[in-house]
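Below is one structure, written out as structure tokens; comments come after it.
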Amino acid sequence: MEQLKHECGVAMIRLLKPLSYYEKKYGTWAYGFNKLYLMMEKQHNRGQEGAGIASVSLTNEPGTEYMFREKAEGKDAITEIFSRVTQDMAGELLMGHLRYSTTGKSGLTFVHPFLRRNNWRAKNLCLCGNFNMTNIDEVFQFLTAQGQSPRVYGDAYITLELMGHRLDREVERLFEEAKATGLKGLDITRYIDDHVDMANVLRKTMEHYDGGYVMCGLTGSGEMFSVRDPWGIRPAFYYRDDEIIALASERPVLQTTFDLQYEDIHELKPGEALIVHKNGESRLEQIMPTQQLSACSFERIYFSRGSDRDIYQERKRLGEQLTPAILKAIDGDVENTVFSYIPNTAEVAYYGMTDGFRQQGYNVRTEKVVWKDIKLRTFISANTERNDLAAHVYDISYGSLRPNEDNLVIIDDSIVRGTTLRESIFKILDRLHPKKIVMVSSSPQIRYPDYYGIDMARLEEFCAFRATMALIEERGLWQLVNDVYLACKRNSHSENHVRALYEPFTVDEINRKIVEMLRPTDMQAPIELVFQSIEGLHEACPNHPGDWYFTGHYPTPGGTRLVNQAFVNYYETTKK
């Protein structure tokens with residue numbers, strides 16, 4: 001309902017046979033690009049602000065281009081960049097990227113991949129990723145202390161320069177090594193190209209970072225790699241056979257693109273890298289020591305495609321586990337209750353919710369109550385008129401329940417800011433005259449910002465936080481606020497001090513205050529909120545324990561530091 005933007009999606013392909021092999025077998029020189037296009041389209045949900053691709057040819061002679069890149073902005077970026085692909089760009093190494101910005105920085109300059117040029121093939125580096133680094137200030141200072149001067153202040157550019165610097169050192173090490181063995185001229189170049197060890201480069205680069213990431217890259221000499229953060233925050237999946245090696249952000253992307261079974265595909269482990277050498281040999285190598293697993297649960301609830309076998313079942317369980325709380329909210333009156341969902345990402349949780357009632361012997365009534373119309377352009381400047389227009393983005397199925405007799409239960413995957421509920425959903429649902437509206441979230445209350453790739457950066461964005469601050473004001477607990485502020489200022493790395501703000505209140509108390517704040521003044525039907533519990537989340541998604549946006553338990557020191565700073569910013573702004 002309230003669209004959250006995810007950082008990015010990645011796609012990589014290494015063709016292991018000569019290009020002529022694919023043209024003969026599959027009837028087109030563009031086999032690799034066709035597969036890359038499909039992989040990117042299947043991940044369009046992960047980024048619609050821009051897209052980019054890169055390719056490297058291993059056979060082009062000196063004096064001709066061997067490393068290519070195309071980028072474009074906008075929701076049609078994928079189509080645009082592939083329309084520019086020509087046969088000259090054909091290569092054995094292919095990489096694609098889809099972008100959503102969570103930094104506020106937009107424009108073609110910030111669209112991946114990023115390219116670092118050099119006359120030595122082995123020193124050319126092309127980089128893209130699904131990442132958000134929490135300590136970019138420290139990395140920037142490290143680079144500048146060495147005498148470097150990055151042209152752009154951003155985690156992608158700075159990573160390119162840092163990794164490029166380490167790649168330069170690797171090439172220079174091999175140059176001296178080759179000279180020491182008596183090699184000269186082109187033989188030295190060939191030696192370097194044949195012996196580049198990207199594991200060395202990655203270890204020396206990634207040891208500086210705090211954050212969630214899947215970092216992908218190509219070199220001009222034919223190295224390909226992808227490395228995952230040691231907490232496993234961001235996901236990556238890969239497939240290998242004798243024709244191709246492919247990697248993507250989601251498992252079903254590979255299944256669909258290459259007609260594979262679930263078991264054919266493997267997940268890159270935390271801190272692990274998939275490295276493909278120039279000669280096509282591949283290996284998995286542990287780059288960073290594995291930390292406590294914190295795989296992002298929001299990937300399971302919302303971002304990743306629900307066609308994944310495991311995610312589909314997890315989302316059903318998230319809905320099913322809410323059955324007791326919903327039953328309590330409607331006073332057990334299932335007979336006079338209509339169940340529905342807000343399209344479309346909550347649909348699977350809806351199936352689980354209704355299955356849960358049926359398993360208990362209830363005959364549930366289900367309807368498609370809410371429809372999302374075409375996106376209306378809010379070109380009107382006056383705020384009241386803009387809000388009125390926004391209220392018509394959704395519409396209802398008139399006659400789908402009995403006025404003043406039926407309860408209405410609506411499930412969504414998450415309730416973040418509450419803006420759409422206040423400006424649109426509650427108003428249109430009230431037109432059906434339900435006896436009661438029960439708004440259900442298959443995720444727990446979102447209380448804290450994310451700093452690993454989701455565009456939730458400010459505390460005041462969250463309706464749960466705003467409701468908590470309103471309760472604090474009502475009860476005169478401003479000393480608690482001052483204490484939290486001072487703790488955040490004094491010691492920003494040790495623990496998340498913002499958690500203390502929520503401790504005086506129960507989930508139900510915060511729920512009631514959220515309803516009070518979001519309820520339109522002229523609404524008739526009573527509203528109750530039902531959120532997933534933390535325990536229910538972990539039971540449904542046992543292999544993805546990352547829950548910092550709900551609990552405030554950040555997996556890295558950088559996340560803890562940034563949430564404390566977010567409260568400092570909030571406090572100092574509101575005190576002005």
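Order determines the names: the first chain of the structure tokens is A, the second B, and so forth; residues in each chain are numbered 1 upward, and ligands are numbered 1 upward as they are shown.
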
As number ranges by chain, which residues of segment 300-399 of chain A does DSSP assign to strand (DSSP E)?
A: 337-341, 365-366, 370-372, 394-396

Determine, using only C-alpha atoms, which residues of segment 37-121 of chain A have any atom at most 8 Å from an atom of segment 229-253 of chain A, and tabulate each with its shortest atom pair and distance in Å to one decimal place, rows ordered by chain and then rising number, as a tab-separated table.
```
residue	atom	partner	partner_atom	distance
A:Met39	CA	A:Val253	CA	5.8
A:Lys42	CA	A:Val253	CA	5.8
A:Gln43	CA	A:Val253	CA	7.1
```

Between atom CA of Tyr153 of chain A and atom CA of Tyr66 of chain A - distance in Å to one decimal
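Spanning atom CA of Tyr66 of chain A to atom CA of Tyr153 of chain A is a straight-line distance of 28.4 Å.
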
Ranking A:Val438, A:Val393, A:Ala199, A:Ile311 by minimum distance to His544 of chain A and counting only C-alpha atoms, which one comes first?
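Residue with the minimum atom-to-atom distance to His544 of chain A: A:Ile311.
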
Near-segment 71-74 of chain A list (9 Å; only C-alpha atoms; drop same-chain fewer than 4 positions) as an NGL selection string
:A and (48-54 or 78 or 80-81 or 107-108 or 111-113)

Using only C-alpha atoms, determine which residues lie at most 6 Å from Ile410 of chain A, disregarding the query and same-chain residues fewer than 2 positions distant; provide the list as a PyMOL selection string.
chain A and resi 340-341+439-440

Output N, CA, C and O atoms for every residue in the selection just made, as a tab-separated table (two decimals), in the first residue's frame.
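This is the output file again_29.tsv:
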```tsv
chain	number	residue	atom	x	y	z
A	340	SER	N	-10.35	-9.36	3.27
A	340	SER	CA	-9.79	-8.91	2.01
A	340	SER	C	-8.34	-8.46	2.24
A	340	SER	O	-7.78	-8.66	3.32
A	341	TYR	N	-7.75	-7.86	1.21
A	341	TYR	CA	-6.36	-7.41	1.30
A	341	TYR	C	-6.17	-6.18	0.43
A	341	TYR	O	-6.99	-5.89	-0.44
A	439	MET	N	-7.63	-3.37	10.56
A	439	MET	CA	-6.50	-3.23	9.63
A	439	MET	C	-5.35	-4.08	10.15
A	439	MET	O	-4.88	-3.88	11.27
A	440	VAL	N	-4.92	-5.03	9.33
A	440	VAL	CA	-3.94	-6.03	9.76
A	440	VAL	C	-2.63	-5.84	9.01
A	440	VAL	O	-2.63	-5.64	7.79
```

Do a neighbour search on Asp522 of chain A at 12 Å with only C-alpha atoms, toss out local chain neighbours closer than 6 positions, and write the hits as a PyMOL selection string.
chain A and resi 422+426-428+430-431

N, CA and C atoms of the current selection, written as an mmCIF file, in the first residue's frame:
```cif
data_model
loop_
_atom_site.group_PDB
_atom_site.id
_atom_site.type_symbol
_atom_site.label_atom_id
_atom_site.label_comp_id
_atom_site.auth_asym_id
_atom_site.auth_seq_id
_atom_site.Cartn_x
_atom_site.Cartn_y
_atom_site.Cartn_z
ATOM 1 N N ARG A 422 -4.488 7.283 6.112
ATOM 2 C CA ARG A 422 -5.193 8.507 6.527
ATOM 3 C C ARG A 422 -5.830 9.230 5.348
ATOM 4 N N PHE A 426 -8.765 4.581 4.627
ATOM 5 C CA PHE A 426 -9.825 4.618 5.636
ATOM 6 C C PHE A 426 -11.065 5.347 5.121
ATOM 7 N N LYS A 427 -10.846 6.405 4.351
ATOM 8 C CA LYS A 427 -11.980 7.180 3.833
ATOM 9 C C LYS A 427 -12.835 6.351 2.886
ATOM 10 N N ILE A 428 -12.173 5.629 1.977
ATOM 11 C CA ILE A 428 -12.969 4.879 0.998
ATOM 12 C C ILE A 428 -13.608 3.645 1.620
ATOM 13 N N ASP A 430 -14.761 3.462 4.571
ATOM 14 C CA ASP A 430 -15.908 3.920 5.359
ATOM 15 C C ASP A 430 -17.155 4.081 4.498
ATOM 16 N N ARG A 431 -16.962 4.226 3.185
ATOM 17 C CA ARG A 431 -18.124 4.333 2.287
ATOM 18 C C ARG A 431 -18.941 3.044 2.251
#
```

Just want the 8 Å neighbourhood of segment 557-568 of chain A, counted on only C-alpha atoms, with same-chain residues fewer than 6 positions away dropped. Output as an NGL selection string.
:A and (134-135 or 210-211 or 448-451 or 457-459 or 485 or 488-489 or 492-498)

Write down as a VMD selection string the residues belonging to segment 56-237 of chain A that are assigned alpha helix (DSSP H) by DSSP computed on the backbone.
chain A and resid 77 to 83 136 to 145 155 to 180 185 to 195 198 to 206

Nearest to Ile411 of chain A by atom-to-atom distance, counting only C-alpha atoms, from A:Ser397, A:Trp371, A:Glu176, A:Thr354
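Ranked by minimum distance to Ile411 of chain A, first place goes to A:Thr354.
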
For Thr86 of chain A, work out the shell of residues within 10 Å, counting only C-alpha atoms and skipping chain neighbours fewer than 2 positions away, then give it as a list in words.
Trp29, Ala30, Phe33, Phe82, Ser83, Arg84, Asp88, Met89 and Ala90 of chain A

To one decimal place in Å, what is the distance between atom CA of Gly280 of chain A and atom CA of Leu16 of chain A?
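About the pair atom CA of Gly280 of chain A and atom CA of Leu16 of chain A: they are 5.8 Å apart.
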